[in-house]
file work-v1.csv (CSV, C-alpha atoms and all ligand atoms)
chain,number,residue,atom,x,y,z
A,1,MET,CA,16.8,11.4,9.6
A,2,ASP,CA,13.5,12.0,7.9
A,3,THR,CA,12.1,9.0,6.2
A,4,ALA,CA,11.6,10.6,2.7
A,5,THR,CA,15.3,11.3,2.5
A,6,HIS,CA,16.2,8.0,4.0
A,7,PHE,CA,14.2,5.6,1.8
A,8,THR,CA,14.0,7.2,-1.6
A,9,PRO,CA,17.8,7.1,-2.2
A,10,ILE,CA,17.8,3.4,-1.2
A,11,LEU,CA,15.0,2.6,-3.6
A,12,GLU,CA,16.8,4.5,-6.4
A,13,GLN,CA,20.1,2.8,-5.7
A,14,VAL,CA,18.6,-0.6,-5.6
A,15,LEU,CA,16.9,0.0,-9.0
A,16,GLU,CA,20.2,1.1,-10.6
A,17,GLU,CA,21.9,-2.0,-9.3
A,18,VAL,CA,19.3,-4.4,-10.7
A,19,ARG,CA,18.9,-2.5,-14.0
A,20,PRO,CA,21.3,-4.7,-15.9
A,21,LEU,CA,19.1,-7.7,-15.0
A,22,THR,CA,16.2,-6.2,-17.0
A,23,LEU,CA,18.1,-7.4,-20.1
A,24,HIS,CA,17.7,-11.0,-18.9
A,25,GLY,CA,14.6,-13.2,-18.5
A,26,LYS,CA,11.6,-13.2,-20.8
A,27,VAL,CA,8.5,-11.0,-21.0
A,28,ALA,CA,5.4,-13.1,-20.8
A,29,SER,CA,4.2,-13.9,-24.3
A,30,TYR,CA,1.6,-16.7,-23.7
A,31,ILE,CA,-0.9,-13.9,-23.5
A,32,PRO,CA,0.0,-12.0,-26.7
A,33,GLU,CA,-1.2,-8.6,-25.5
A,34,LEU,CA,1.4,-8.8,-22.7
A,35,SER,CA,4.3,-9.3,-25.0
A,36,HIS,CA,4.4,-5.7,-26.3
A,37,ILE,CA,5.6,-4.2,-23.0
A,38,ASP,CA,8.9,-2.4,-22.9
A,39,ARG,CA,11.3,-4.7,-20.9
A,40,SER,CA,13.4,-1.8,-19.7
A,41,LYS,CA,10.6,-0.5,-17.4
A,42,LEU,CA,11.6,-0.6,-13.8
A,43,GLY,CA,9.8,0.9,-10.8
A,44,MET,CA,9.5,0.5,-7.0
A,45,ALA,CA,7.3,2.0,-4.3
A,46,LEU,CA,7.2,1.7,-0.5
A,47,TYR,CA,4.3,2.4,1.8
A,48,LEU,CA,4.9,2.9,5.6
A,49,PRO,CA,2.2,2.7,8.3
A,50,ASP,CA,2.5,6.5,8.9
A,51,GLY,CA,1.0,7.0,5.4
A,52,GLY,CA,4.3,7.8,3.7
A,53,ILE,CA,4.8,6.6,0.1
A,54,TYR,CA,8.3,6.6,-1.4
A,55,THR,CA,8.9,5.9,-5.0
A,56,ALA,CA,11.7,5.4,-7.6
A,57,GLY,CA,11.9,4.8,-11.4
A,58,ASP,CA,8.6,3.9,-13.2
A,59,ALA,CA,6.6,3.6,-9.9
A,60,HIS,CA,3.7,5.7,-11.3
A,61,GLU,CA,3.3,3.8,-14.6
A,62,ARG,CA,0.4,1.3,-14.7
A,63,PHE,CA,1.0,-2.3,-15.7
A,64,SER,CA,-1.0,-5.5,-15.8
A,65,ILE,CA,-1.3,-6.7,-12.3
A,66,GLN,CA,-2.2,-10.3,-13.4
A,67,SER,CA,-1.9,-12.7,-10.4
A,68,ILE,CA,-1.3,-9.9,-7.9
A,69,SER,CA,-5.1,-9.6,-8.2
A,70,LYS,CA,-5.4,-12.9,-6.4
A,71,VAL,CA,-4.5,-11.2,-3.1
A,72,PHE,CA,-7.5,-8.9,-3.4
A,73,THR,CA,-9.9,-11.7,-4.5
A,74,LEU,CA,-8.7,-13.8,-1.6
A,75,VAL,CA,-9.4,-11.0,0.8
A,76,MET,CA,-12.9,-10.7,-0.7
A,77,ALA,CA,-13.7,-14.4,-0.5
A,78,TYR,CA,-12.3,-14.6,3.0
A,79,ARG,CA,-14.7,-11.9,4.0
A,80,THR,CA,-17.5,-13.8,2.3
A,81,LEU,CA,-17.0,-17.3,3.6
A,82,GLY,CA,-14.7,-16.9,6.7
A,83,ASN,CA,-12.9,-20.1,7.6
A,84,ALA,CA,-15.4,-22.2,5.4
A,85,LEU,CA,-13.2,-20.9,2.6
A,86,TRP,CA,-10.6,-23.6,3.5
A,87,GLU,CA,-13.1,-26.3,2.7
A,88,ARG,CA,-12.9,-25.2,-1.0
A,89,VAL,CA,-9.2,-24.4,-1.3
A,90,GLY,CA,-6.1,-25.5,0.6
A,91,ARG,CA,-3.2,-23.6,2.0
A,92,GLU,CA,-0.1,-25.6,1.1
A,93,PRO,CA,2.5,-24.7,-1.4
A,94,SER,CA,2.0,-26.7,-4.5
A,95,GLY,CA,5.7,-27.0,-5.5
A,96,ASN,CA,4.4,-26.9,-9.1
A,97,PRO,CA,4.1,-24.2,-11.8
A,98,PHE,CA,1.2,-21.8,-11.3
A,99,ASN,CA,-0.8,-23.2,-14.2
A,100,SER,CA,-0.3,-26.9,-13.4
A,101,LEU,CA,-3.2,-29.3,-13.4
A,102,VAL,CA,-1.4,-32.4,-12.1
A,103,GLN,CA,-2.5,-32.3,-8.4
A,104,LEU,CA,-6.1,-31.6,-9.0
A,105,GLU,CA,-7.0,-35.1,-9.8
A,106,THR,CA,-5.5,-36.7,-6.7
A,107,ASP,CA,-6.7,-33.8,-4.6
A,108,LYS,CA,-10.3,-34.3,-6.0
A,109,GLY,CA,-10.7,-30.8,-7.3
A,110,VAL,CA,-9.6,-28.9,-4.2
A,111,PRO,CA,-6.6,-26.8,-5.3
A,112,ARG,CA,-3.6,-26.6,-3.0
A,113,ASN,CA,-3.8,-22.9,-2.4
A,114,PRO,CA,-5.6,-19.7,-3.5
A,115,PHE,CA,-2.6,-18.3,-5.4
A,116,ILE,CA,-2.0,-21.0,-8.1
A,117,ASN,CA,-4.4,-20.6,-11.0
A,118,ALA,CA,-6.7,-23.5,-9.9
A,119,GLY,CA,-7.1,-22.0,-6.4
A,120,ALA,CA,-7.7,-18.5,-7.8
A,121,LEU,CA,-10.5,-19.9,-10.0
A,122,VAL,CA,-12.2,-21.4,-7.0
A,123,VAL,CA,-11.8,-18.1,-5.1
A,124,THR,CA,-13.3,-16.2,-8.1
A,125,ASP,CA,-16.1,-18.7,-8.2
A,126,ILE,CA,-17.0,-17.8,-4.6
A,127,LEU,CA,-17.3,-14.2,-5.8
A,128,CYS,CA,-19.4,-15.3,-8.7
A,129,SER,CA,-21.9,-16.7,-6.2
A,130,GLN,CA,-21.9,-13.5,-4.3
A,131,TYR,CA,-22.1,-10.8,-6.9
A,132,VAL,CA,-24.1,-10.4,-10.1
A,133,ASN,CA,-21.1,-8.7,-11.8
A,134,PRO,CA,-18.1,-10.2,-10.0
A,135,HIS,CA,-15.5,-8.6,-12.3
A,136,LEU,CA,-17.0,-5.1,-11.5
A,137,ALA,CA,-17.2,-6.0,-7.7
A,138,ILE,CA,-13.5,-6.9,-7.8
A,139,LEU,CA,-12.6,-3.7,-9.6
A,140,GLU,CA,-14.7,-1.6,-7.2
A,141,PHE,CA,-13.1,-3.3,-4.2
A,142,ILE,CA,-9.6,-2.5,-5.5
A,143,ARG,CA,-10.6,1.1,-6.3
A,144,GLN,CA,-12.0,1.4,-2.8
A,145,VAL,CA,-9.0,0.0,-0.8
A,146,SER,CA,-6.5,1.9,-2.9
A,147,GLY,CA,-8.6,5.1,-2.9
A,148,VAL,CA,-7.9,5.5,-6.6
A,149,PRO,CA,-11.2,5.7,-8.5
A,150,ASP,CA,-9.9,5.5,-12.1
A,151,ILE,CA,-8.2,2.1,-11.9
A,152,ASN,CA,-9.5,0.0,-14.7
A,153,PHE,CA,-9.4,-3.2,-16.7
A,154,ASN,CA,-7.4,-3.5,-19.9
A,155,THR,CA,-10.1,-5.1,-22.1
A,156,ARG,CA,-7.6,-6.0,-24.8
A,157,VAL,CA,-5.6,-8.0,-22.3
A,158,ALA,CA,-8.8,-9.7,-20.9
A,159,ARG,CA,-9.8,-10.6,-24.4
A,160,SER,CA,-6.3,-11.9,-25.2
A,161,GLU,CA,-6.4,-14.1,-22.1
A,162,ALA,CA,-9.8,-15.5,-23.0
A,163,GLN,CA,-8.6,-16.3,-26.6
A,164,HIS,CA,-5.5,-18.1,-25.3
A,165,GLY,CA,-6.7,-19.3,-21.9
A,166,PHE,CA,-6.9,-23.0,-22.9
A,167,ARG,CA,-5.3,-24.2,-19.7
A,168,ASN,CA,-7.4,-22.1,-17.4
A,169,ALA,CA,-10.5,-23.3,-19.3
A,170,ALA,CA,-9.3,-26.9,-18.9
A,171,MET,CA,-8.7,-26.4,-15.2
A,172,ALA,CA,-12.0,-24.7,-14.5
A,173,ASN,CA,-13.9,-27.5,-16.3
A,174,PHE,CA,-11.9,-30.1,-14.4
A,175,ILE,CA,-12.6,-28.5,-11.0
A,176,LYS,CA,-16.3,-28.2,-12.0
A,177,SER,CA,-16.3,-32.0,-12.6
A,178,PHE,CA,-15.5,-32.4,-8.9
A,179,GLY,CA,-18.2,-30.0,-7.9
A,180,ASN,CA,-15.9,-27.4,-6.5
A,181,LEU,CA,-17.0,-24.7,-9.0
A,182,LYS,CA,-20.6,-23.6,-8.5
A,183,ALA,CA,-21.1,-20.9,-11.1
A,184,PRO,CA,-21.0,-21.6,-14.9
A,185,VAL,CA,-17.4,-22.2,-16.0
A,186,ASP,CA,-17.6,-19.3,-18.6
A,187,ASN,CA,-18.7,-16.8,-15.9
A,188,VAL,CA,-15.8,-17.8,-13.6
A,189,LEU,CA,-13.3,-17.6,-16.5
A,190,GLN,CA,-14.6,-14.2,-17.7
A,191,ALA,CA,-14.3,-12.7,-14.1
A,192,TYR,CA,-10.9,-14.2,-13.7
A,193,PHE,CA,-9.5,-12.9,-17.0
A,194,HIS,CA,-10.8,-9.5,-16.2
A,195,GLN,CA,-9.3,-9.4,-12.7
A,196,CYS,CA,-5.9,-10.3,-14.2
A,197,SER,CA,-6.2,-7.5,-16.7
A,198,ILE,CA,-6.5,-4.8,-14.1
A,199,GLU,CA,-3.8,-2.1,-14.5
A,200,MET,CA,-2.2,-0.4,-11.6
A,201,SER,CA,1.2,1.2,-10.8
A,202,CYS,CA,3.5,0.2,-8.0
A,203,ALA,CA,2.5,3.3,-6.1
A,204,GLU,CA,-1.2,2.3,-6.4
A,205,LEU,CA,-0.5,-1.3,-5.4
A,206,VAL,CA,1.2,-0.3,-2.1
A,207,ARG,CA,-1.8,2.0,-1.4
A,208,ALA,CA,-4.2,-0.9,-2.0
A,209,ALA,CA,-2.0,-3.1,0.3
A,210,GLN,CA,-2.7,-0.7,3.2
A,211,LEU,CA,-5.5,-3.0,4.2
A,212,LEU,CA,-2.9,-5.6,5.1
A,213,VAL,CA,-0.4,-3.2,6.5
A,214,HIS,CA,-3.1,-1.8,8.8
A,215,TYR,CA,-4.5,-5.3,9.8
A,216,GLY,CA,-7.7,-5.1,7.8
A,217,THR,CA,-8.6,-1.5,7.7
A,218,ALA,CA,-8.3,0.9,4.8
A,219,PRO,CA,-8.6,4.7,4.8
A,220,GLY,CA,-12.1,5.8,3.6
A,221,VAL,CA,-13.5,2.3,4.3
A,222,SER,CA,-15.7,2.5,7.4
A,223,GLU,CA,-15.8,-1.2,8.5
A,224,ALA,CA,-12.8,-3.5,9.1
A,225,LEU,CA,-12.3,-5.7,5.9
A,226,LEU,CA,-10.6,-8.5,7.7
A,227,THR,CA,-9.7,-9.3,11.3
A,228,PRO,CA,-6.0,-8.9,12.3
A,229,SER,CA,-5.7,-12.7,12.5
A,230,GLU,CA,-7.2,-13.1,9.0
A,231,VAL,CA,-4.6,-10.6,7.7
A,232,ARG,CA,-1.8,-12.6,9.3
A,233,ARG,CA,-3.2,-15.7,7.5
A,234,VAL,CA,-3.3,-14.0,4.1
A,235,ALA,CA,0.3,-12.8,4.6
A,236,SER,CA,1.3,-16.4,5.6
A,237,ILE,CA,-0.1,-17.7,2.4
A,238,MET,CA,1.7,-15.0,0.4
A,239,LEU,CA,5.0,-16.1,2.0
A,240,THR,CA,4.4,-19.9,1.4
A,241,CYS,CA,2.5,-19.8,-1.9
A,242,GLY,CA,2.7,-16.3,-3.4
A,243,THR,CA,5.6,-16.9,-5.8
A,244,TYR,CA,4.7,-20.4,-7.0
A,245,ASP,CA,7.3,-23.0,-7.1
A,246,ALA,CA,9.9,-20.4,-6.1
A,247,ALA,CA,8.3,-19.6,-2.8
A,248,GLY,CA,10.9,-21.3,-0.7
A,249,ASP,CA,13.7,-19.5,-2.6
A,250,PHE,CA,11.9,-16.2,-2.1
A,251,ALA,CA,11.5,-16.8,1.7
A,252,PHE,CA,15.2,-17.7,1.8
A,253,ARG,CA,16.5,-14.8,-0.2
A,254,ILE,CA,14.0,-12.0,0.6
A,255,GLY,CA,12.1,-13.1,3.7
A,256,LEU,CA,8.9,-11.2,2.8
A,257,PRO,CA,5.3,-12.4,2.2
A,258,ALA,CA,4.9,-11.6,-1.6
A,259,LYS,CA,2.7,-12.1,-4.5
A,260,SER,CA,3.9,-11.9,-8.1
A,261,GLY,CA,2.2,-11.6,-11.4
A,262,VAL,CA,3.3,-12.4,-15.0
A,263,GLY,CA,3.0,-8.7,-15.8
A,264,GLY,CA,6.3,-8.4,-13.9
A,265,GLY,CA,4.9,-6.9,-10.7
A,266,ILE,CA,5.7,-8.3,-7.2
A,267,LEU,CA,3.8,-6.9,-4.2
A,268,ALA,CA,5.3,-7.6,-0.7
A,269,VAL,CA,3.6,-6.9,2.6
A,270,VAL,CA,4.5,-7.1,6.3
A,271,PRO,CA,1.4,-6.4,8.4
A,272,GLY,CA,2.1,-3.5,10.8
A,273,ARG,CA,5.4,-2.6,9.0
A,274,MET,CA,5.2,-1.9,5.3
A,275,ALA,CA,4.1,-2.7,1.7
A,276,LEU,CA,6.6,-2.7,-1.1
A,277,CYS,CA,6.0,-3.2,-4.8
A,278,VAL,CA,8.4,-3.6,-7.7
A,279,TRP,CA,7.8,-3.8,-11.4
A,280,SER,CA,10.1,-5.1,-14.1
A,281,PRO,CA,8.4,-7.0,-17.0
A,282,ALA,CA,11.0,-9.7,-17.8
A,283,LEU,CA,10.4,-13.0,-15.9
A,284,ASP,CA,12.5,-15.9,-14.6
A,285,VAL,CA,11.5,-19.5,-15.4
A,286,HIS,CA,9.0,-19.6,-12.6
A,287,GLY,CA,7.1,-16.6,-13.9
A,288,ASN,CA,8.4,-14.1,-11.3
A,289,SER,CA,10.1,-10.8,-12.2
A,290,LEU,CA,13.8,-11.5,-12.5
A,291,ALA,CA,15.1,-8.0,-11.7
A,292,GLY,CA,12.1,-7.4,-9.4
A,293,ALA,CA,13.0,-10.3,-7.1
A,294,LYS,CA,16.6,-9.1,-6.9
A,295,ALA,CA,15.4,-5.6,-6.1
A,296,LEU,CA,13.3,-6.9,-3.2
A,297,GLU,CA,16.3,-9.0,-2.0
A,298,LEU,CA,18.6,-6.0,-2.0
A,299,PHE,CA,16.1,-3.7,-0.4
A,300,ALA,CA,15.2,-6.2,2.4
A,301,GLY,CA,18.9,-6.7,3.1
A,302,ARG,CA,19.6,-3.0,3.3
A,303,THR,CA,16.7,-1.9,5.4
A,304,GLY,CA,16.1,-5.0,7.6
A,305,PHE,CA,12.5,-5.1,6.3
A,306,SER,CA,12.2,-8.9,6.5
A,307,ILE,CA,10.1,-11.0,8.8
A,308,PHE,CA,13.1,-13.1,9.8
A,401,LIG,O1,-3.9,-17.2,-15.5
A,401,LIG,C1,-3.1,-16.7,-16.2
A,401,LIG,O2,-2.5,-17.3,-17.0
A,401,LIG,C2,-2.8,-15.2,-16.0
A,401,LIG,N1,-3.8,-14.4,-16.3
A,401,LIG,C3,-2.3,-14.9,-14.6
A,401,LIG,C4,-1.1,-15.5,-14.4
A,401,LIG,C5,-0.1,-15.0,-13.4
A,401,LIG,O3,0.1,-13.8,-13.3
A,401,LIG,C6,0.6,-16.0,-12.7
A,401,LIG,N2,1.8,-15.5,-12.4
A,401,LIG,N3,2.8,-15.6,-12.2
call {"tool": "encode", "arguments": {"input": "work-v1.csv", "output": "structure tokens"}}
result
Amino acid sequence: MDTATHFTPILEQVLEEVRPLTLHGKVASYIPELSHIDRSKLGMALYLPDGGIYTAGDAHERFSIQSISKVFTLVMAYRTLGNALWERVGREPSGNPFNSLVQLETDKGVPRNPFINAGALVVTDILCSQYVNPHLAILEFIRQVSGVPDINFNTRVARSEAQHGFRNAAMANFIKSFGNLKAPVDNVLQAYFHQCSIEMSCAELVRAAQLLVHYGTAPGVSEALLTPSEVRRVASIMLTCGTYDAAGDFAFRIGLPAKSGVGGGILAVVPGRMALCVWSPALDVHGNSLAGAKALELFAGRTGFSIF
């Protein structure tokens, strides 16, 4: 059977099954600009190593990628520092909400992992030391690996994050007090708020994830961006830390390395096998897309695309 006819109906069927769940959960409102989104949006895209992309629902509509950006900044910082990165940030699940500060004091300003906010701020700080305009470097990197030149920030969202980012500001200052933030706090926060405000569709996110599917290479990018073993490590952190304090439940139900964002997107990747992205704006109590997680669970169950 040809793959287009095989996978598209599964994606469509999964979306119809989870559609009733879009009525449940809450659209993120702590960043006011995010609260205007239509909660009925629902899309899904699959990328396979042969280059095939299969889509269903609102897979071509752009949304705020939010914390999914942390996958790309992690790749960039890993390229910059190599294994020295792990002196600045850990790789253990935190078991706490994504915006929690509690462990930072006992851990002396070294965040548990790169996907909680504290860890993402340290990762972005590394990029602030490397680039004059880190937010533009992040945007350019994402455009390059996805091959989509008109991906952009939503400056209203970035401004809204800055106006309401009291916790992130507290966290950045706290980390700075331990010496684990090198750049000025405001520079790190501005770059971070901008990376979170980038808008992409499910179809564009699976294209950008090609670099993980293909073990560090992306079409149109001449050099390898990561080594295969670094790619496996990024994927392992997605599995253990990518969905915050629900990462264990995600591994149990879905069995895919994944990274979620409060815009309602979830990007899942299995190196060598596939990238899968789902978008539904309403979130569960952990900040993960409610219908999106169910869609991944159904899709993984039906196709056997799981690492277990
Ligand atoms: O730091 C924040 O609050 C957001 N800009 C990003 C949060 C996010 O997506 C975490 N996700 N679940």
call {"tool": "residues_near_ligand", "arguments": {"input": "work-v1.csv", "ligand": "ligand LIG 401 (chain A)", "cutoff": "8 Å", "atoms": "only C-alpha atoms and all ligand atoms", "output": "NGL selection string"}}
result
:A and (30-31 or 65-68 or 98-99 or 116-117 or 161 or 165 or 167-168 or 192-193 or 196-197 or 243-244 or 260-263 or 286-288)
call {"tool": "write_last_selection", "arguments": {"input": "work-v1.csv", "atoms": "C-alpha atoms", "output": "PDB file, keeping the file's coordinate frame"}}
result
ATOM      1  CA  TYR A  30       1.600 -16.700 -23.700  1.00  0.00           C
ATOM      2  CA  ILE A  31      -0.900 -13.900 -23.500  1.00  0.00           C
ATOM      3  CA  ILE A  65      -1.300  -6.700 -12.300  1.00  0.00           C
ATOM      4  CA  GLN A  66      -2.200 -10.300 -13.400  1.00  0.00           C
ATOM      5  CA  SER A  67      -1.900 -12.700 -10.400  1.00  0.00           C
ATOM      6  CA  ILE A  68      -1.300  -9.900  -7.900  1.00  0.00           C
ATOM      7  CA  PHE A  98       1.200 -21.800 -11.300  1.00  0.00           C
ATOM      8  CA  ASN A  99      -0.800 -23.200 -14.200  1.00  0.00           C
ATOM      9  CA  ILE A 116      -2.000 -21.000  -8.100  1.00  0.00           C
ATOM     10  CA  ASN A 117      -4.400 -20.600 -11.000  1.00  0.00           C
ATOM     11  CA  GLU A 161      -6.400 -14.100 -22.100  1.00  0.00           C
ATOM     12  CA  GLY A 165      -6.700 -19.300 -21.900  1.00  0.00           C
ATOM     13  CA  ARG A 167      -5.300 -24.200 -19.700  1.00  0.00           C
ATOM     14  CA  ASN A 168      -7.400 -22.100 -17.400  1.00  0.00           C
ATOM     15  CA  TYR A 192     -10.900 -14.200 -13.700  1.00  0.00           C
ATOM     16  CA  PHE A 193      -9.500 -12.900 -17.000  1.00  0.00           C
ATOM     17  CA  CYS A 196      -5.900 -10.300 -14.200  1.00  0.00           C
ATOM     18  CA  SER A 197      -6.200  -7.500 -16.700  1.00  0.00           C
ATOM     19  CA  THR A 243       5.600 -16.900  -5.800  1.00  0.00           C
ATOM     20  CA  TYR A 244       4.700 -20.400  -7.000  1.00  0.00           C
ATOM     21  CA  SER A 260       3.900 -11.900  -8.100  1.00  0.00           C
ATOM     22  CA  GLY A 261       2.200 -11.600 -11.400  1.00  0.00           C
ATOM     23  CA  VAL A 262       3.300 -12.400 -15.000  1.00  0.00           C
ATOM     24  CA  GLY A 263       3.000  -8.700 -15.800  1.00  0.00           C
ATOM     25  CA  HIS A 286       9.000 -19.600 -12.600  1.00  0.00           C
ATOM     26  CA  GLY A 287       7.100 -16.600 -13.900  1.00  0.00           C
ATOM     27  CA  ASN A 288       8.400 -14.100 -11.300  1.00  0.00           C
TER      28      ASN A 288
END
call {"tool": "residues_around", "arguments": {"input": "work-v1.csv", "residues": "Leu42 (chain A)", "least_positions_apart": "2", "cutoff": "7 Å", "atoms": "all atoms listed in the file", "output": "VMD selection string"}}
result
chain A and resid 40 57 to 58 279 to 280
call {"tool": "closest_residue", "arguments": {"input": "work-v1.csv", "among": "A:Arg91, A:Lys41, A:Arg79, A:His6", "to": "Gln130 (chain A)", "atoms": "all atoms listed in the file"}}
result
A:Arg79
call {"tool": "atom_distance", "arguments": {"input": "work-v1.csv", "atom1": "CA of Leu211 (chain A)", "atom2": "CA of Thr80 (chain A)"}}
result
16.3 Å
call {"tool": "residues_around", "arguments": {"input": "work-v1.csv", "residues": "Ala300 (chain A)", "least_positions_apart": "3", "cutoff": "10 Å", "atoms": "all atoms listed in the file", "output": "list of chain:residue names"}}
result
A:Arg253, A:Ile254, A:Gly255, A:Leu256, A:Leu276, A:Lys294, A:Ala295, A:Leu296, A:Glu297, A:Thr303, A:Gly304, A:Phe305, A:Ser306, A:Ile307
call {"tool": "write_last_selection", "arguments": {"input": "work-v1.csv", "atoms": "C-alpha atoms", "output": "PDB file, in the frame of the given file"}}
result
ATOM      1  CA  ARG A 253      16.500 -14.800  -0.200  1.00  0.00           C
ATOM      2  CA  ILE A 254      14.000 -12.000   0.600  1.00  0.00           C
ATOM      3  CA  GLY A 255      12.100 -13.100   3.700  1.00  0.00           C
ATOM      4  CA  LEU A 256       8.900 -11.200   2.800  1.00  0.00           C
ATOM      5  CA  LEU A 276       6.600  -2.700  -1.100  1.00  0.00           C
ATOM      6  CA  LYS A 294      16.600  -9.100  -6.900  1.00  0.00           C
ATOM      7  CA  ALA A 295      15.400  -5.600  -6.100  1.00  0.00           C
ATOM      8  CA  LEU A 296      13.300  -6.900  -3.200  1.00  0.00           C
ATOM      9  CA  GLU A 297      16.300  -9.000  -2.000  1.00  0.00           C
ATOM     10  CA  THR A 303      16.700  -1.900   5.400  1.00  0.00           C
ATOM     11  CA  GLY A 304      16.100  -5.000   7.600  1.00  0.00           C
ATOM     12  CA  PHE A 305      12.500  -5.100   6.300  1.00  0.00           C
ATOM     13  CA  SER A 306      12.200  -8.900   6.500  1.00  0.00           C
ATOM     14  CA  ILE A 307      10.100 -11.000   8.800  1.00  0.00           C
TER      15      ILE A 307
END
call {"tool": "residues_around", "arguments": {"input": "work-v1.csv", "residues": "Ala169 (chain A)", "least_positions_apart": "6", "cutoff": "9 Å", "atoms": "all atoms listed in the file", "output": "ChimeraX atom specification"}}
result
/A:162,185-186,189
call {"tool": "residues_around", "arguments": {"input": "work-v1.csv", "residues": "Glu140 (chain A)", "least_positions_apart": "5", "cutoff": "9 Å", "atoms": "all atoms listed in the file", "output": "short mmCIF file (atom, residue, chain, number, x, y, z; two decimals) with C-alpha atoms, in the frame of the given file"}}
result
data_model
loop_
_atom_site.label_atom_id
_atom_site.label_comp_id
_atom_site.auth_asym_id
_atom_site.auth_seq_id
_atom_site.Cartn_x
_atom_site.Cartn_y
_atom_site.Cartn_z
CA HIS A 135 -15.50 -8.60 -12.30
CA VAL A 145 -9.00 0.00 -0.80
CA PRO A 149 -11.20 5.70 -8.50
CA ILE A 151 -8.20 2.10 -11.90
#
call {"tool": "atom_distance", "arguments": {"input": "work-v1.csv", "atom1": "CA of Val231 (chain A)", "atom2": "CA of Tyr215 (chain A)"}}
result
5.7 Å
call {"tool": "atom_distance", "arguments": {"input": "work-v1.csv", "atom1": "CA of Pro257 (chain A)", "atom2": "CA of Ala235 (chain A)"}}
result
5.6 Å
call {"tool": "closest_atom_pairs", "arguments": {"input": "work-v1.csv", "of": "region 164-196 of chain A", "to": "region 81-88 of chain A", "cutoff": "12 Å", "atoms": "all atoms listed in the file", "output": "Markdown table"}}
result
| residue | atom | partner | partner_atom | distance |
| --- | --- | --- | --- | --- |
| A:Ile175 | CA | A:Arg88 | CA | 10.5 |
| A:Lys176 | CA | A:Arg88 | CA | 11.9 |
| A:Phe178 | CA | A:Arg88 | CA | 11.0 |
| A:Gly179 | CA | A:Arg88 | CA | 9.9 |
| A:Asn180 | CA | A:Arg88 | CA | 6.6 |
| A:Leu181 | CA | A:Arg88 | CA | 9.0 |
| A:Lys182 | CA | A:Arg88 | CA | 10.9 |
call {"tool": "closest_residue", "arguments": {"input": "work-v1.csv", "among": "A:Glu199, A:Glu33, A:Glu230, A:Glu12", "to": "Leu212 (chain A)", "atoms": "only C-alpha atoms"}}
result
A:Glu230
call {"tool": "closest_residue", "arguments": {"input": "work-v1.csv", "among": "A:Phe141, A:Tyr131, A:Phe153, A:Phe7", "to": "Val188 (chain A)", "atoms": "all atoms listed in the file"}}
result
A:Tyr131
call {"tool": "closest_residue", "arguments": {"input": "work-v1.csv", "among": "A:Asp150, A:Tyr78, A:Cys128, A:Leu139", "to": "Ser229 (chain A)", "atoms": "all atoms listed in the file"}}
result
A:Tyr78
call {"tool": "closest_residue", "arguments": {"input": "work-v1.csv", "among": "A:Ile142, A:Ala209, A:Leu15, A:Ala77", "to": "Met274 (chain A)", "atoms": "all atoms listed in the file"}}
result
A:Ala209
call {"tool": "build_atoms", "arguments": {"input": "work-v1.csv", "residues": "region 146-156 of chain A", "atoms": "N, CA and C atoms", "output": "mmCIF file, in the coordinates of the input"}}
result
data_model
loop_
_atom_site.group_PDB
_atom_site.id
_atom_site.type_symbol
_atom_site.label_atom_id
_atom_site.label_comp_id
_atom_site.auth_asym_id
_atom_site.auth_seq_id
_atom_site.Cartn_x
_atom_site.Cartn_y
_atom_site.Cartn_z
ATOM 1 N N SER A 146 -7.651 1.118 -2.487
ATOM 2 C CA SER A 146 -6.500 1.900 -2.900
ATOM 3 C C SER A 146 -6.837 3.418 -2.823
ATOM 4 N N GLY A 147 -8.146 3.726 -2.842
ATOM 5 C CA GLY A 147 -8.600 5.100 -2.900
ATOM 6 C C GLY A 147 -8.278 5.767 -4.241
ATOM 7 N N VAL A 148 -8.147 4.931 -5.290
ATOM 8 C CA VAL A 148 -7.900 5.500 -6.600
ATOM 9 C C VAL A 148 -9.056 5.089 -7.543
ATOM 10 N N PRO A 149 -9.947 6.055 -7.838
ATOM 11 C CA PRO A 149 -11.200 5.700 -8.500
ATOM 12 C C PRO A 149 -11.081 5.388 -10.000
ATOM 13 N N ASP A 150 -9.948 5.714 -10.636
ATOM 14 C CA ASP A 150 -9.900 5.500 -12.100
ATOM 15 C C ASP A 150 -9.087 4.233 -12.483
ATOM 16 N N ILE A 151 -8.796 3.362 -11.523
ATOM 17 C CA ILE A 151 -8.200 2.100 -11.900
ATOM 18 C C ILE A 151 -9.139 1.315 -12.754
ATOM 19 N N ASN A 152 -8.608 0.630 -13.771
ATOM 20 C CA ASN A 152 -9.500 0.000 -14.700
ATOM 21 C C ASN A 152 -8.949 -1.327 -15.282
ATOM 22 N N PHE A 153 -9.810 -2.059 -15.995
ATOM 23 C CA PHE A 153 -9.400 -3.200 -16.700
ATOM 24 C C PHE A 153 -8.668 -2.771 -18.010
ATOM 25 N N ASN A 154 -7.853 -3.662 -18.566
ATOM 26 C CA ASN A 154 -7.400 -3.500 -19.900
ATOM 27 C C ASN A 154 -8.182 -4.549 -20.728
ATOM 28 N N THR A 155 -9.193 -4.111 -21.437
ATOM 29 C CA THR A 155 -10.100 -5.100 -22.100
ATOM 30 C C THR A 155 -9.391 -5.879 -23.174
ATOM 31 N N ARG A 156 -8.355 -5.270 -23.788
ATOM 32 C CA ARG A 156 -7.600 -6.000 -24.800
ATOM 33 C C ARG A 156 -6.882 -7.197 -24.177
#
